[in-house]
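Participant: Dropping a structure here in structure tokens format, bear with me for questions.
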Amino acid sequence: MTGFLDNVLNGLALGAVYALVALGFVVMFKASGVLNFAHGSLLLFGGYLIAVLHDDLGFAGALALAVLATAALAGALDRFLLQRGGLDEQSAHIQTIVTIGIDILLFTDLARRIGGDLLPLGDPWGDAVTELGPVTVADSRLAAIVVSTVVIGTVFALFRFTSWGLSLRAAAEDLEAAALMGVRLGRVRAGGWALAGALAALAAVFLASFPAPGLERTTGQIALHAFPAAILGGLASPVGALAGSLLIGLTEALVVGYQSELHVLGEGFGDVAPYAVMLLVLLVRPTGLFGGKGAARV
Amino acid sequence: MNTTPHRHRNRRRTTGSVLAGALALLLAVSGCSSKAEGGDENGDAADGVRTGPGVSAETIKLGALTDLTGPYATLGKSIVQAQQMWADETNAKGGICDRKVEIVVKDHGYDVQKAVTAYADISPDVVALPQVIGSPVVAALLDDIERDGVLTFPQAWAASLLGKDAIQVLGTTYDVDMIAGVDFLTRTKGLEKGDTIGHVYFEGDYGANALEGSTWAAEKAGLKVVGQKIKATDTDLSAQVSALRKEGVKAVLISAGPAQTASLVGVAASRGLRVPVVSSAPGFAPQLMKTPAAPALAAMLNVVSAAPAVSSDLPGVKAMVAAYRKKYPDSPVDSGVLSGYNAAQLMGADLKKACEAGGLTREDVVKAHRSQKNADTGLGTAQDFSDVDRPASVETYVLKPDAKAVGGVVNAEEARTAPGVEEYLSSR
């Protein structure tokens with residue numbers, strides 16, 4: 001039973017971190033119709049900034065700067081690069097391909113800088129743990145759950161209660177109508193990208209802190225686990241991204257936790273499990289768990 | 001009507017010119033490569049020494065296929081610098097066979113395709129390869145290396161690389177290391193018949209070979225092994241630790257990268273799974289002692305390695321470390337420095353022996369290498385290269401992390417041969 005609770009808590013914490021990334025995918029997709037394949041590299045960029053700055057600025061200062069810088073980078077990439085290709089839905093497909101190129105450039109440079117190093121981010125939790133009844137959980141993971149919940153709540157509130165959120169939702173529903181109603185599509189889009197960038201930098205903290213040993217060149221790739229989460233949630237649905245992330249996090253933790261019982265499925269099934277879950281969900285609900293009309297864009 | 005034969009003739013002419021062009025290209029390419037191999041192929045130099053590719057009257061060229069931009073960049077840099085230091089020292093003493101030693105370094109960034117291209121690029125110009133980084137790289141080049149007969153020291157230790165005349169795994173193989181790991185656990189950590197141990201291992205040759213050793217040794221000792229296969233991108237091993245704890249493991253073996261070792265030990269300690277952990281040599285790097293997991297690593301981890309710690313008291317190691325620090329004051333001294341320098345010295349010994357026997361062709365070098373039954377560089381244990389099917393050494397050290405020591409580790413046990421290794425090798 002302890003083992004089960006252990007796995008569930010692991011999974012929830014993992015899911016909370018994935019949710020930050022998946023929500024980024026969703027916000028960018030909602031804002032621009034572009035699937036950002038460079039998201040993992042943006043995350044790595046944010047993490048790298050924290051790693052090199054935390055000695056001088058302290059963790060909080062480094063984090064604040066990294067979040068702002070990553071947001072600025074993501075926003076600028078969209079505003080000054082992708083938007084040049086046009087704002088209509090057709091060019092969104094081309095821009096999706098462009099993000100693959102951006103990813104290669106960004107990743108190659110960051111990987112060159114990081115090399116084989118393992119960079120600590122100087123986060124305040126260290127390897128401290130908390131006993132919750134029979135299970136032990138890392139403080140960094142508890143922090144991940146708390147921070148993700150607060151941040152995701154804030155993002156939902158932004159969507160719901162600000163004029164930017166309204167513009168974004170309007171643009172996602174119907175670009176042309178939104179433009180005619182006076183929505184400044186370019187700004188709304190870039191705003192969405194900036195927000196997603198900020199979320200990615202935040203996610204980097206939790207992906208690189210304990211139980212992981214630090215930021216590595218491959219940390220960005222871990223973010224791709226959030227990809228099936230965003231898709232199975234319905235890609236254009238923030239609530240879906242949240243649910244999808246928790247589902248994927250739980251699946252991963254449980255499959256690895258019960259690997260010996262599941263060995264009929266072959267070793268290393270944990271890596272495939274998120275995609276298997278995604279396929280199962282999409283078979284039953286082709287537009288994803290919470291996908292509505294918005295998913296028609298796919 | 002009139003146009004058809006015309007067009008036909010035209011096409012024929014095109015075909016002809018394409019053929020001619022291809023022929024010219026072919027000539028140019030073969031011209032290039034024969035030039036690259038040097039005019040003195042299999043000739044005799046003025047001093048009567050037989051020479052082949054990579055050896056002229058003035059220089060001996062060696063090649064290194066390394067990773068300076070990929071995941072093993074730190075290791076690659078250490079090896080390259082250590083081997084360059086050896087070349088400089090050797091040349092200062094007059095070189096080998098009255099020739100200067102030169103190392104041609106190619107970076108492949110751990111990309112197999114780049115590595116294959118790099119090999120094709122430098123192999124005509126070098127006599128041997130004292131450094132090839134990366135198991136997948138070595139695997140992709142196996143056939144080429146065997147065909148060309150280029151004596152190669154791979155920085156990979158899977159038993160599948162044994163049995164090839166031109167390829168020499170230095171020191172022990174991963175399976176032998178893990179047999180020693182199980183022996184260390186039963187001998188010093190009180191593991192008994194019926195206990196369960198975990199083995200967390202990378203997919204691929206490295207992990208598979210290590211698991212082979214641990215499974216064999218565990219069966220002999222009456223232990224049960226629970227395997228957990230992971231990938232290089234897995235850096236949070238919480239779920240694996242939960243699973244191992246559920247199995248009630250009394251100790252854990254790990255054959256992965258440094259990041260995985262740090263996560264495994266850190267998580268296990270924080271979850272109250274305070275059991276001994278034994279890692280294969282590639283699973284540790286000095287940088288780990290700067291992560292939050294450092295105290296747990298110091299308390300729980302041991303590393304099995306064919307090479308001693310760089311902080312060890314061996315005079316040869318001490319002298320090498322001092323020289324390296326003087327030459328590269330800003331570079332960390334890690335196990336790559338030691339293994340790279342050791343490989344270069346062994347290569348130097350082979351070249352000297354080949355020269356004494358009258359030839360420096362690739363064939364001569366491989367022959368000289370295979371005649372070394374007791375190659376001792378003073379940097380660890382002696383190696384026997386005469387049997388291609390056997391690891392060059394079966395003696396292993398046990399190391400222990402120590403944040404204050406050079407290279408982050410100290411020797412915990414001197415080199416010894418684990419009981420059962422001979423039986424294992426003859427049963428394979």
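Ordering of the structure tokens sets the chain letters (A, B, ...); residue numbers start at 1 within each chain; ligands are numbered from 1 in the order shown.
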Report as an MDAnalysis selection string: the residues of range 291-379 of chain B with a DSSP assignment of strand (DSSP E or B), based on the backbone of this structure.

Facilitator: chainID B and resid 301:305 359 375

Participant: How would the residues just chosen look if you wrote them out with N, CA and C atoms as a PDB file, in the first residue's frame?

Facilitator:
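And here is the file that came out, again-v5.pdb:
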ATOM      1  N   LEU B 301      27.696   5.202  -1.700  1.00  0.00           N
ATOM      2  CA  LEU B 301      28.165   4.724  -3.009  1.00  0.00           C
ATOM      3  C   LEU B 301      29.581   4.161  -2.990  1.00  0.00           C
ATOM      4  N   ASN B 302      29.783   3.108  -3.762  1.00  0.00           N
ATOM      5  CA  ASN B 302      31.116   2.640  -4.126  1.00  0.00           C
ATOM      6  C   ASN B 302      31.142   2.457  -5.632  1.00  0.00           C
ATOM      7  N   VAL B 303      32.320   2.625  -6.217  1.00  0.00           N
ATOM      8  CA  VAL B 303      32.463   2.489  -7.661  1.00  0.00           C
ATOM      9  C   VAL B 303      33.467   1.381  -7.939  1.00  0.00           C
ATOM     10  N   VAL B 304      33.108   0.457  -8.840  1.00  0.00           N
ATOM     11  CA  VAL B 304      34.050  -0.584  -9.233  1.00  0.00           C
ATOM     12  C   VAL B 304      34.737  -0.137 -10.512  1.00  0.00           C
ATOM     13  N   SER B 305      36.052  -0.191 -10.528  1.00  0.00           N
ATOM     14  CA  SER B 305      36.767   0.336 -11.679  1.00  0.00           C
ATOM     15  C   SER B 305      38.057  -0.433 -11.918  1.00  0.00           C
ATOM     16  N   GLY B 359      59.231  -3.023 -37.991  1.00  0.00           N
ATOM     17  CA  GLY B 359      58.183  -2.507 -38.877  1.00  0.00           C
ATOM     18  C   GLY B 359      57.143  -1.677 -38.148  1.00  0.00           C
ATOM     19  N   ALA B 375      51.770  -5.792 -19.897  1.00  0.00           N
ATOM     20  CA  ALA B 375      51.978  -4.373 -20.151  1.00  0.00           C
ATOM     21  C   ALA B 375      51.636  -3.588 -18.892  1.00  0.00           C
TER      22      ALA B 375
END

Participant: Using only C-alpha atoms, determine which residues lie at most 12 Å from Trp164 in chain A, disregarding the query and same-chain residues fewer than 2 positions distant; provide the list as a list in words.

Facilitator: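 Close residues of Trp164 in chain A: Ala31, Val155, Phe156, Ala157, Leu158, Phe159, Arg160, Phe161, Thr162, Leu166, Ser167, Leu168, Arg169, Ala170, Ala171, Val183, Arg184, Leu185, Gly186, Arg187, Val188, Arg189, Ala190, Gly191, Gly192 and Leu195 of chain A.
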
Participant: Just the residues within 7 Å of range 223-232 of chain A, please, counting only C-alpha atoms, with nothing from its chain fewer than 2 positions along; format it as a PDB file with N, CA and C atoms, in the first residue's frame.

Facilitator:
ATOM      1  N   TYR A  18       4.693  18.423 -15.590  1.00  0.00           N
ATOM      2  CA  TYR A  18       4.302  18.292 -16.999  1.00  0.00           C
ATOM      3  C   TYR A  18       3.213  19.303 -17.345  1.00  0.00           C
ATOM      4  N   VAL A  21       4.386  22.553 -18.589  1.00  0.00           N
ATOM      5  CA  VAL A  21       4.864  22.486 -19.968  1.00  0.00           C
ATOM      6  C   VAL A  21       3.689  22.327 -20.934  1.00  0.00           C
ATOM      7  N   ALA A  22       2.795  21.403 -20.587  1.00  0.00           N
ATOM      8  CA  ALA A  22       1.658  21.123 -21.472  1.00  0.00           C
ATOM      9  C   ALA A  22       0.782  22.370 -21.626  1.00  0.00           C
ATOM     10  N   PHE A  25       2.252  24.489 -24.237  1.00  0.00           N
ATOM     11  CA  PHE A  25       1.888  24.011 -25.577  1.00  0.00           C
ATOM     12  C   PHE A  25       0.497  24.520 -25.958  1.00  0.00           C
ATOM     13  N   VAL A  26      -0.420  24.375 -24.994  1.00  0.00           N
ATOM     14  CA  VAL A  26      -1.817  24.706 -25.264  1.00  0.00           C
ATOM     15  C   VAL A  26      -1.999  26.210 -25.487  1.00  0.00           C
ATOM     16  N   GLY A  40      10.899  22.507 -25.725  1.00  0.00           N
ATOM     17  CA  GLY A  40      11.897  21.864 -24.876  1.00  0.00           C
ATOM     18  C   GLY A  40      13.167  22.698 -24.785  1.00  0.00           C
ATOM     19  N   GLY A 220      15.625  19.270 -21.602  1.00  0.00           N
ATOM     20  CA  GLY A 220      14.573  19.740 -22.498  1.00  0.00           C
ATOM     21  C   GLY A 220      13.769  18.602 -23.099  1.00  0.00           C
ATOM     22  N   GLN A 221      14.465  17.464 -23.329  1.00  0.00           N
ATOM     23  CA  GLN A 221      13.761  16.330 -23.945  1.00  0.00           C
ATOM     24  C   GLN A 221      12.703  15.751 -23.022  1.00  0.00           C
ATOM     25  N   GLY A 234      -6.583  17.468 -25.505  1.00  0.00           N
ATOM     26  CA  GLY A 234      -7.362  18.146 -26.517  1.00  0.00           C
ATOM     27  C   GLY A 234      -6.684  19.398 -27.058  1.00  0.00           C
ATOM     28  N   LEU A 235      -5.414  19.538 -26.871  1.00  0.00           N
ATOM     29  CA  LEU A 235      -4.536  20.541 -27.466  1.00  0.00           C
ATOM     30  C   LEU A 235      -4.969  21.999 -27.343  1.00  0.00           C
ATOM     31  N   ALA A 241      -5.187  20.011 -20.770  1.00  0.00           N
ATOM     32  CA  ALA A 241      -3.737  19.884 -20.570  1.00  0.00           C
ATOM     33  C   ALA A 241      -3.442  19.463 -19.138  1.00  0.00           C
ATOM     34  N   GLY A 244      -4.649  15.852 -18.714  1.00  0.00           N
ATOM     35  CA  GLY A 244      -3.742  14.987 -19.478  1.00  0.00           C
ATOM     36  C   GLY A 244      -2.407  14.821 -18.767  1.00  0.00           C
ATOM     37  N   SER A 245      -1.887  15.923 -18.232  1.00  0.00           N
ATOM     38  CA  SER A 245      -0.583  15.866 -17.565  1.00  0.00           C
ATOM     39  C   SER A 245      -0.628  14.968 -16.347  1.00  0.00           C
ATOM     40  N   ILE A 248      -0.746  11.396 -17.504  1.00  0.00           N
ATOM     41  CA  ILE A 248       0.542  10.912 -18.006  1.00  0.00           C
ATOM     42  C   ILE A 248       1.530  10.715 -16.854  1.00  0.00           C
ATOM     43  N   PRO A 274       3.122   6.580 -21.878  1.00  0.00           N
ATOM     44  CA  PRO A 274       2.380   7.820 -22.133  1.00  0.00           C
ATOM     45  C   PRO A 274       1.764   7.841 -23.535  1.00  0.00           C
ATOM     46  N   TYR A 275       2.504   7.323 -24.500  1.00  0.00           N
ATOM     47  CA  TYR A 275       2.002   7.339 -25.873  1.00  0.00           C
ATOM     48  C   TYR A 275       0.889   6.320 -26.060  1.00  0.00           C
ATOM     49  N   MET A 278      -2.108   7.883 -24.692  1.00  0.00           N
ATOM     50  CA  MET A 278      -2.569   8.897 -25.629  1.00  0.00           C
ATOM     51  C   MET A 278      -3.371   8.257 -26.769  1.00  0.00           C
ATOM     52  N   VAL A 281      -6.790   7.015 -25.549  1.00  0.00           N
ATOM     53  CA  VAL A 281      -7.732   8.115 -25.356  1.00  0.00           C
ATOM     54  C   VAL A 281      -8.229   8.632 -26.705  1.00  0.00           C
ATOM     55  N   LEU A 282      -7.289   8.787 -27.649  1.00  0.00           N
ATOM     56  CA  LEU A 282      -7.672   9.342 -28.943  1.00  0.00           C
ATOM     57  C   LEU A 282      -8.563   8.387 -29.739  1.00  0.00           C
ATOM     58  N   GLY A 288      -9.626  14.379 -28.205  1.00  0.00           N
ATOM     59  CA  GLY A 288      -8.998  14.501 -26.894  1.00  0.00           C
ATOM     60  C   GLY A 288     -10.038  14.574 -25.801  1.00  0.00           C
ATOM     61  N   LEU A 289      -9.563  14.495 -24.546  1.00  0.00           N
ATOM     62  CA  LEU A 289     -10.485  14.454 -23.407  1.00  0.00           C
ATOM     63  C   LEU A 289     -11.408  15.662 -23.370  1.00  0.00           C
TER      64      LEU A 289
END

Participant: Out of B:Leu237, B:Val182, B:Val138, B:Ala120, which residue has the shortest atom-to-atom distance to chain A when counting only C-alpha atoms?

Facilitator: B:Leu237

Participant: Would you give me, as a tab-separated table, each residue of chain A having an atom within 8 Å of an atom of chain B, along with its shortest atom pair and that distance in Å to one decimal, using only C-alpha atoms and sorting by chain and residue number?

Facilitator:
residue	atom	partner	partner_atom	distance
A:Gly3	CA	B:Lys246	CA	6.2
A:Asp6	CA	B:Ser242	CA	6.8
A:Asn7	CA	B:Ala239	CA	6.5
A:Asn10	CA	B:Ala239	CA	7.0
A:Ala111	CA	B:Gly70	CA	7.2
A:Arg112	CA	B:Thr69	CA	5.6
A:Gly115	CA	B:Ala73	CA	5.4
A:Gly116	CA	B:Pro71	CA	4.6
A:Asp117	CA	B:Thr74	CA	7.2
A:Leu118	CA	B:Gln287	CA	6.8
A:Pro120	CA	B:Thr291	CA	6.1
A:Gly126	CA	B:Pro292	CA	5.6
A:Asp127	CA	B:Pro292	CA	5.8
A:Ala128	CA	B:Ser270	CA	7.2
A:Val129	CA	B:Ser270	CA	6.2
A:Thr136	CA	B:Arg271	CA	5.7
A:Val137	CA	B:Arg271	CA	7.4
A:Ala138	CA	B:Ser270	CA	7.4
A:Phe210	CA	B:Pro292	CA	7.4
A:Pro211	CA	B:Asp236	CA	5.5
A:Ala212	CA	B:Asp236	CA	4.6
A:Pro213	CA	B:Ser263	CA	5.4
A:Gly214	CA	B:Thr291	CA	7.1
A:Arg217	CA	B:Pro71	CA	7.4
A:Thr218	CA	B:Thr233	CA	6.1
A:Thr219	CA	B:Thr233	CA	7.5
A:Gln221	CA	B:Thr233	CA	7.4
A:Ile222	CA	B:Thr233	CA	7.0
A:Ala253	CA	B:Ala239	CA	5.4
A:Leu254	CA	B:Ala239	CA	7.6
A:Val256	CA	B:Ala239	CA	5.8
A:Gly257	CA	B:Ala243	CA	4.7
A:Tyr258	CA	B:Ala243	CA	6.5
A:Gln259	CA	B:Ala243	CA	7.5
A:Glu267	CA	B:Lys229	CA	6.6
A:Gly268	CA	B:Lys229	CA	6.0

Participant: Point out the residue among A:Arg141, A:Arg113, A:His93, A:Lys30 with the least atom-to-atom distance to Val52 in chain A, counting only C-alpha atoms.

Facilitator: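 Looking only at the distances to Val52 in chain A, the closest residue turns out to be A:Arg113.
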
Participant: Where in range 142-337 of chain B does DSSP assign helix (DSSP H, G or I), given as a ChimeraX atom specification?

Facilitator: /B:142-148,159-161,174-188,205-221,238-246,258-270,281-283,286-290,294-300,315-327,335-337

Participant: Tell me, as an MDAnalysis selection string, which residues lie within 8 Å of range 34-39 of chain A, counting only C-alpha atoms; anything in the same chain fewer than 5 positions away does not count.

Facilitator: chainID A and resid 25 28:29 92:93 95:96 99:100 102:104 106 197 200 220 223

Participant: Would you mind exporting the chosen residues as a CSV table (one decimal), in the first residue's frame, restricted to N, CA, C and O atoms?

Facilitator:
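In the end it all went to result08.csv:
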chain,number,residue,atom,x,y,z
A,25,PHE,N,2.3,24.5,-24.2
A,25,PHE,CA,1.9,24.0,-25.6
A,25,PHE,C,0.5,24.5,-26.0
A,25,PHE,O,0.3,25.0,-27.1
A,28,MET,N,0.2,28.4,-26.5
A,28,MET,CA,0.8,28.8,-27.8
A,28,MET,C,-0.1,28.3,-28.9
A,28,MET,O,-0.3,29.1,-29.9
A,29,PHE,N,-0.6,27.1,-28.8
A,29,PHE,CA,-1.5,26.6,-29.9
A,29,PHE,C,-2.8,27.4,-30.0
A,29,PHE,O,-3.2,27.7,-31.1
A,92,ALA,N,0.1,28.8,-40.2
A,92,ALA,CA,0.4,28.2,-38.9
A,92,ALA,C,1.1,26.9,-39.1
A,92,ALA,O,2.0,26.5,-38.4
A,93,HIS,N,0.7,26.1,-40.1
A,93,HIS,CA,1.4,24.8,-40.4
A,93,HIS,C,2.8,25.0,-40.7
A,93,HIS,O,3.7,24.3,-40.3
A,95,GLN,N,4.7,27.5,-40.0
A,95,GLN,CA,5.4,28.1,-38.8
A,95,GLN,C,5.7,26.9,-37.8
A,95,GLN,O,6.7,27.0,-37.1
A,96,THR,N,4.8,25.9,-37.8
A,96,THR,CA,5.1,24.8,-36.9
A,96,THR,C,6.4,24.1,-37.4
A,96,THR,O,7.2,23.7,-36.5
A,99,THR,N,9.4,26.0,-36.2
A,99,THR,CA,9.8,25.9,-34.8
A,99,THR,C,10.8,24.7,-34.7
A,99,THR,O,11.6,24.7,-33.8
A,100,ILE,N,10.7,23.7,-35.6
A,100,ILE,CA,11.7,22.6,-35.6
A,100,ILE,C,13.1,23.2,-35.8
A,100,ILE,O,14.0,22.8,-35.1
A,102,ILE,N,14.0,26.3,-35.3
A,102,ILE,CA,14.4,27.1,-34.1
A,102,ILE,C,15.0,26.2,-33.0
A,102,ILE,O,16.0,26.4,-32.4
A,103,ASP,N,14.3,25.0,-32.8
A,103,ASP,CA,14.7,24.1,-31.8
A,103,ASP,C,16.1,23.6,-32.0
A,103,ASP,O,16.9,23.6,-31.1
A,104,ILE,N,16.4,23.3,-33.3
A,104,ILE,CA,17.8,22.7,-33.6
A,104,ILE,C,18.8,23.8,-33.3
A,104,ILE,O,19.8,23.5,-32.6
A,106,LEU,N,18.6,26.5,-31.2
A,106,LEU,CA,18.7,26.8,-29.8
A,106,LEU,C,19.3,25.7,-29.0
A,106,LEU,O,20.2,25.9,-28.2
A,197,GLY,N,6.5,30.8,-22.5
A,197,GLY,CA,7.9,30.8,-22.3
A,197,GLY,C,8.2,30.9,-20.8
A,197,GLY,O,9.0,30.1,-20.2
A,200,ALA,N,7.6,27.6,-19.2
A,200,ALA,CA,8.7,26.7,-19.5
A,200,ALA,C,9.9,26.9,-18.5
A,200,ALA,O,10.4,25.9,-18.0
A,220,GLY,N,15.6,19.3,-21.6
A,220,GLY,CA,14.6,19.7,-22.5
A,220,GLY,C,13.8,18.6,-23.1
A,220,GLY,O,12.6,18.7,-23.3
A,223,ALA,N,10.8,17.4,-21.3
A,223,ALA,CA,9.6,18.2,-21.5
A,223,ALA,C,8.7,17.6,-22.6
A,223,ALA,O,7.5,17.8,-22.6

Participant: Rank nothing, just name the residue among A:Gly15, A:Gly240, A:Gly291, A:Gly47 nearest to Ile114 in chain A, using only C-alpha atoms.

Facilitator: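 Among A:Gly15, A:Gly240, A:Gly291, A:Gly47, it is A:Gly47 that comes nearest to Ile114 in chain A.
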
Participant: I'd like the neighbourhood of Leu142 in chain A as an NGL selection string, where a residue qualifies if any of its atoms comes within 10 Å (using only C-alpha atoms), though same-chain residues fewer than 2 positions away should be ignored.

Facilitator: :A and (9-10 or 12-13 or 16 or 125 or 129-130 or 137-140 or 144-148)

Participant: To one decimal in Å, tell me the separation between CA of Leu246 in chain A and CA of Val277 in chain A.

Facilitator: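 So the answer is 12.0 Å.
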
Participant: Write out as a PyMOL selection string which residues come within 10 Å of Leu141 in chain B when counting only C-alpha atoms, dropping same-chain ones fewer than 2 positions away.

Facilitator: chain B and resi 112+115-116+119-120+132+135-139+143-147

Participant: So, counting only C-alpha atoms, which residue among B:Gly222, B:Gly340, B:Pro282, B:Gly95 is closest to Phe153 in chain B?

Facilitator: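 Of the candidates, the smallest distance to Phe153 in chain B is held by B:Gly340.
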
Participant: Using only C-alpha atoms, find the one residue out of B:Glu102, B:Asp111, B:Glu192, B:Glu212 that sits nearest to Met85 in chain B.

Facilitator: B:Glu102

Participant: Write out as a PyMOL selection string which residues come within 12 Å of range 350-358 of chain B when counting only C-alpha atoms, dropping same-chain ones fewer than 5 positions away.

Facilitator: chain B and resi 44-45+47-51+55+60-62+90+95-101+127-130+151-153+343-345+363-377+385

Participant: Based on the selection just made, write N, CA and C atoms of those residues as a compact mmCIF listing (two decimals), in the first residue's frame.

Facilitator:
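Wrote it out as out39.txt, contents follow:
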# COMPACT_ATOMS: atom_id res chain seq x y z
N ASP B 44 59.88 0.88 -47.45
CA ASP B 44 60.88 0.94 -46.41
C ASP B 44 61.38 2.37 -46.30
N ALA B 45 61.42 2.87 -45.07
CA ALA B 45 61.99 4.20 -44.90
C ALA B 45 63.51 4.07 -44.95
N ASP B 47 65.65 4.35 -42.75
CA ASP B 47 66.27 3.61 -41.65
C ASP B 47 65.95 2.13 -41.67
N GLY B 48 65.32 1.66 -42.72
CA GLY B 48 65.06 0.23 -42.85
C GLY B 48 63.84 -0.27 -42.11
N VAL B 49 63.07 0.65 -41.53
CA VAL B 49 61.85 0.24 -40.84
C VAL B 49 60.72 0.18 -41.86
N ARG B 50 59.98 -0.94 -41.88
CA ARG B 50 58.83 -1.05 -42.77
C ARG B 50 57.79 -0.02 -42.35
N THR B 51 57.25 0.71 -43.29
CA THR B 51 56.22 1.69 -42.93
C THR B 51 54.96 1.48 -43.74
N VAL B 55 52.59 6.46 -41.23
CA VAL B 55 53.98 6.54 -40.76
C VAL B 55 54.88 7.00 -41.89
N ILE B 60 54.89 9.69 -36.81
CA ILE B 60 53.91 8.61 -36.63
C ILE B 60 52.60 9.30 -36.30
N LYS B 61 51.59 9.07 -37.13
CA LYS B 61 50.31 9.74 -36.87
C LYS B 61 49.32 8.77 -36.24
N LEU B 62 48.73 9.22 -35.12
CA LEU B 62 47.68 8.45 -34.45
C LEU B 62 46.38 9.23 -34.58
N THR B 90 56.54 12.49 -25.03
CA THR B 90 57.26 11.51 -25.83
C THR B 90 58.17 12.21 -26.85
N GLY B 95 60.83 11.17 -29.30
CA GLY B 95 59.81 10.48 -30.08
C GLY B 95 59.94 8.97 -30.01
N ILE B 96 59.25 8.28 -30.93
CA ILE B 96 59.29 6.83 -30.97
C ILE B 96 59.89 6.43 -32.32
N CYS B 97 60.86 5.55 -32.28
CA CYS B 97 61.46 5.05 -33.52
C CYS B 97 62.06 6.22 -34.32
N ASP B 98 62.61 7.19 -33.60
CA ASP B 98 63.18 8.40 -34.21
C ASP B 98 62.16 9.21 -34.99
N ARG B 99 60.90 9.05 -34.65
CA ARG B 99 59.85 9.80 -35.32
C ARG B 99 59.04 10.57 -34.28
N LYS B 100 58.56 11.72 -34.70
CA LYS B 100 57.68 12.49 -33.82
C LYS B 100 56.28 11.86 -33.82
N VAL B 101 55.61 11.91 -32.68
CA VAL B 101 54.25 11.38 -32.60
C VAL B 101 53.26 12.53 -32.77
N VAL B 127 48.09 5.32 -38.20
CA VAL B 127 48.49 3.92 -38.04
C VAL B 127 47.65 3.23 -36.97
N ALA B 128 47.16 4.00 -35.99
CA ALA B 128 46.35 3.40 -34.93
C ALA B 128 45.47 4.46 -34.28
N LEU B 129 44.47 3.99 -33.51
CA LEU B 129 43.52 4.90 -32.86
C LEU B 129 43.54 4.68 -31.35
N PRO B 130 44.29 5.49 -30.62
CA PRO B 130 44.31 5.30 -29.16
C PRO B 130 43.07 5.83 -28.45
N LEU B 151 44.88 -0.74 -35.15
CA LEU B 151 44.80 -1.02 -33.71
C LEU B 151 44.02 0.09 -33.01
N THR B 152 42.93 -0.29 -32.32
CA THR B 152 42.03 0.70 -31.76
C THR B 152 41.79 0.44 -30.28
N PHE B 153 41.90 1.48 -29.46
CA PHE B 153 41.54 1.38 -28.04
C PHE B 153 40.23 2.13 -27.84
N ALA B 343 46.00 4.78 -21.95
CA ALA B 343 45.84 4.24 -23.31
C ALA B 343 46.97 4.71 -24.21
N ALA B 344 47.32 5.99 -24.10
CA ALA B 344 48.39 6.53 -24.94
C ALA B 344 49.72 5.85 -24.63
N GLN B 345 49.99 5.63 -23.33
CA GLN B 345 51.24 4.98 -22.97
C GLN B 345 51.31 3.55 -23.48
N GLU B 363 49.84 -3.86 -39.51
CA GLU B 363 49.96 -5.27 -39.16
C GLU B 363 51.03 -5.47 -38.08
N ASP B 364 52.16 -4.78 -38.26
CA ASP B 364 53.24 -4.88 -37.28
C ASP B 364 52.79 -4.40 -35.91
N VAL B 365 52.02 -3.29 -35.92
CA VAL B 365 51.59 -2.71 -34.65
C VAL B 365 50.63 -3.65 -33.93
N VAL B 366 49.67 -4.21 -34.67
CA VAL B 366 48.73 -5.15 -34.05
C VAL B 366 49.49 -6.37 -33.51
N LYS B 367 50.46 -6.85 -34.30
CA LYS B 367 51.23 -8.02 -33.88
C LYS B 367 52.02 -7.71 -32.60
N ALA B 368 52.64 -6.55 -32.58
CA ALA B 368 53.40 -6.15 -31.39
C ALA B 368 52.48 -6.05 -30.19
N HIS B 369 51.27 -5.49 -30.44
CA HIS B 369 50.31 -5.34 -29.36
C HIS B 369 49.92 -6.69 -28.78
N ARG B 370 49.62 -7.64 -29.65
CA ARG B 370 49.17 -8.95 -29.19
C ARG B 370 50.28 -9.75 -28.52
N SER B 371 51.53 -9.30 -28.65
CA SER B 371 52.62 -10.03 -28.01
C SER B 371 52.88 -9.50 -26.59
N GLN B 372 52.17 -8.46 -26.18
CA GLN B 372 52.37 -7.90 -24.83
C GLN B 372 51.57 -8.71 -23.81
N LYS B 373 52.30 -9.44 -22.98
CA LYS B 373 51.61 -10.28 -22.00
C LYS B 373 51.55 -9.61 -20.64
N ASN B 374 52.36 -8.61 -20.44
CA ASN B 374 52.41 -7.99 -19.12
C ASN B 374 52.70 -6.50 -19.27
N ALA B 375 51.77 -5.79 -19.90
CA ALA B 375 51.98 -4.37 -20.15
C ALA B 375 51.64 -3.59 -18.89
N ASP B 376 52.65 -2.96 -18.31
CA ASP B 376 52.42 -2.22 -17.07
C ASP B 376 52.94 -0.80 -17.23
N THR B 377 52.03 0.16 -17.14
CA THR B 377 52.43 1.56 -17.31
C THR B 377 52.66 2.23 -15.96
N PHE B 385 47.54 -8.67 -23.29
CA PHE B 385 46.81 -8.48 -24.55
C PHE B 385 46.91 -9.69 -25.48
